[in-house]
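Below is one structure, written out as structure tokens, with a few remarks after it.
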Amino acid sequence: MNLSRVHVVDSHTGGEPTRTVISGGPDLGDGPLAERLTRFGLEHNDFRNSIINEPRGSDVLVGALLVEPVDPTCVTGVLYFNNVGNILMCGHGTIGVVATLAYLGRITPGTHRIETAVGIVSACLHPDMTVTLANVPSFRIAAGVTVDVPGYGPVTGDIAWGGNWFFLVANPPFRLVPSEIPQLTTFTTAIKRALAANNITGNDSGEIDHIELFVDSDKSGIDSRNFVLCPGGAYDRSPCGTGTSAKLACLYADGKLLPGGVWRQESIIGSVFEGRVTVTESGLIPSITGRAFVNSDAQLIYDPADPFRLGIPT
Ligand code: PYC
């Protein structure tokens with residue numbers, strides 16, 4: 001691919017960054033978004049690296065490539081990616097995309113449909129610029145699964161889908177505070193490896209590539225605090241939109257959250273999403289409310305003389 005300039009808009013949602021590619025991205029054809037995401041992963045690693053990884057980016061960034069939707073009722077299609085590959089769905093990223101589309105003057109407050117690789121979601125941009133994302137149907141496939149984690153012993157958690165696959169562990173043997181992030185990262189990475197080594201997957205054989213730890217919150221108005229390990233080894237600065245959706249599915253399955261109730265999920269750095277559930281014919285739809293702020297509007301420059309113009313591959 002001959003890269004010259006790429007227009008990106010950066011935002012963060014509860015501290016977790018999203019880099020939305022507005023123009024200059026690869027042509028992936030007009031097939032279903034799941035196929036286009038696969039093609040992106042197979043054929044456009046240089047582009048992904050150049051957008052996300054150093055020296056322009058970092059392992060925390062999530063990329064969002066705007067593409068033509070198949071369904072004309074959608075305001076856009078979007079493909080998500082990170083420092084190591086594709087992401088099927090991204091909640092904080094969708095809130096970031098909505099803030100970006102509003103910044104560009106492409107949408108105004110109201111409800112907008114957005115096509116992703118795992119289905120159509122809807123996002124309501126409120127007049128105060130907060131966004132409520134109605135996610136894809138979410139569900140728990142197994143409760144109380146125990147895996148032996150080398151160096152730590154048996155760890156028990158639930159497996160749930162919230163647009164990505166999650167292993168959710170309550171009350172881990174570490175405090176969920178920023179000073180413990182290195183230990184939390186090593187612990188959750190070991191859990192992820194142990195799940196893969198034991199062939200514990202989602203019910204579509206999908207890798208469980210997000211690990212989520214929880215504790216009840218002692219803060220007034222906050223239900224729980226989490227730490228989420230993302231597939232590329234970084235932790236989510238936000239409470240994780242798809243992770244909170246997976247958590248809401250588990251709470252619903254346990255009868256602890258009903259339609260009409262609100263769950264306030266805090267991240268490891270103290271940002272908060274509000275979660276609710278609705279039961280529809282398609283299944284349980286979690287909705288996540290949060291806010292993103294646009295913090296950069298830039299042209300990425302690809303100087304042929306720059307040996308790292310395509311990023312430092314991970
Ligand atoms: O908010 O869903 C999310 C997410 C996934 C990975 C990073 N953030």
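Scheme for the structure tokens: letters A, B, ... for chains in order shown; per-chain residue numbers from 1; ligand numbers from 1 in order shown.
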Next item on the list: Produce as a ChimeraX atom specification the set of residues near ligand 1, where near means within 8 Å with only C-alpha atoms and all ligand atoms considered.
Entry: /A:16,62,87,89-94,163-164,210,230-231,235-236,238-244
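The residues of segment 21-78 of chain A that DSSP classifies as strand (DSSP E or B), using the backbone of this structure, are Val21, Ile22, Ser23, Val62, Gly63, Ala64, Leu65, Leu66, Val67, Cys74, Val75, Thr76, Gly77 and Val78 of chain A.
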Margin query: DSSP on the backbone: which residues in segment 216-314 of chain A end up as alpha helix (DSSP H)? Give the answer as a list in words.
Written below: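 Of segment 216-314 of chain A, the ones in alpha helix (DSSP H) are Gly241, Thr242, Gly243, Thr244, Ser245, Ala246, Lys247, Leu248, Ala249, Cys250, Leu251, Tyr252 and Ala253 of chain A.
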Notebook entry, point to check: So which residues touch Ser138 of chain A within 7 Å, counting only C-alpha atoms, skipping near sequence neighbours fewer than 2 positions away, as a list in words?
Noted result: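 Residues near the query, excluding close chain neighbours: Val136, Trp161, Gly162, Ser245, Ala246, Ala249, Leu284, Ile285 and Pro286 of chain A.
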Output of the above residues as an mmCIF file, in the first residue's frame, restricted to N, CA and C atoms:
```
data_model
loop_
_atom_site.group_PDB
_atom_site.id
_atom_site.type_symbol
_atom_site.label_atom_id
_atom_site.label_comp_id
_atom_site.auth_asym_id
_atom_site.auth_seq_id
_atom_site.Cartn_x
_atom_site.Cartn_y
_atom_site.Cartn_z
ATOM 1 N N VAL A 136 -24.022 -5.217 21.228
ATOM 2 C CA VAL A 136 -24.526 -6.472 20.657
ATOM 3 C C VAL A 136 -25.055 -7.351 21.798
ATOM 4 N N TRP A 161 -19.495 -13.251 26.866
ATOM 5 C CA TRP A 161 -19.335 -12.493 25.620
ATOM 6 C C TRP A 161 -19.981 -11.120 25.788
ATOM 7 N N GLY A 162 -19.243 -10.091 25.429
ATOM 8 C CA GLY A 162 -19.813 -8.738 25.430
ATOM 9 C C GLY A 162 -19.396 -8.006 24.156
ATOM 10 N N SER A 245 -20.073 -4.918 29.478
ATOM 11 C CA SER A 245 -21.225 -5.650 28.914
ATOM 12 C C SER A 245 -21.198 -7.111 29.360
ATOM 13 N N ALA A 246 -20.002 -7.727 29.310
ATOM 14 C CA ALA A 246 -19.876 -9.122 29.760
ATOM 15 C C ALA A 246 -20.233 -9.227 31.242
ATOM 16 N N ALA A 249 -23.931 -9.080 31.692
ATOM 17 C CA ALA A 249 -24.548 -10.367 31.328
ATOM 18 C C ALA A 249 -24.441 -11.353 32.494
ATOM 19 N N LEU A 284 -29.988 -10.421 25.510
ATOM 20 C CA LEU A 284 -29.758 -9.360 26.491
ATOM 21 C C LEU A 284 -28.891 -8.263 25.854
ATOM 22 N N ILE A 285 -29.411 -7.043 25.834
ATOM 23 C CA ILE A 285 -28.631 -5.935 25.267
ATOM 24 C C ILE A 285 -28.127 -5.061 26.412
ATOM 25 N N PRO A 286 -26.807 -5.068 26.634
ATOM 26 C CA PRO A 286 -26.263 -4.144 27.620
ATOM 27 C C PRO A 286 -26.143 -2.740 27.024
#
```
Next item on the list: Tell me which of A:Leu66, A:Met129, A:Leu168, A:Leu79 sits closest to Ala102 of chain A, counting only C-alpha atoms.
Entry: A:Met129
Notebook entry, point to check: Which distance in Å separates atom CA of Gly96 of chain A and atom CA of Asn45 of chain A, to one decimal?
Noted result: 22.6 Å
Checklist line | atom CA of Ile288 of chain A to atom CA of Val262 of chain A, straight-line distance in Å | finding: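 That distance, rounded to one decimal, is 10.0 Å.
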Next item on the list: Could you tell me which of A:Ala234, A:Pro173, A:Asp254, A:Phe167 comes closest to Ile211 of chain A if we count only C-alpha atoms?
Entry: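 Going through A:Ala234, A:Pro173, A:Asp254, A:Phe167 one by one, the smallest distance to Ile211 of chain A is for A:Phe167.
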Next item on the list: Within 7 Å of segment 267-273 of chain A, counting only C-alpha atoms, which residues show up once you throw out same-chain ones fewer than 6 positions away? Write them as a PyMOL selection string, please.
Entry: chain A and resi 14+176-178+225-227+237-239+288-290
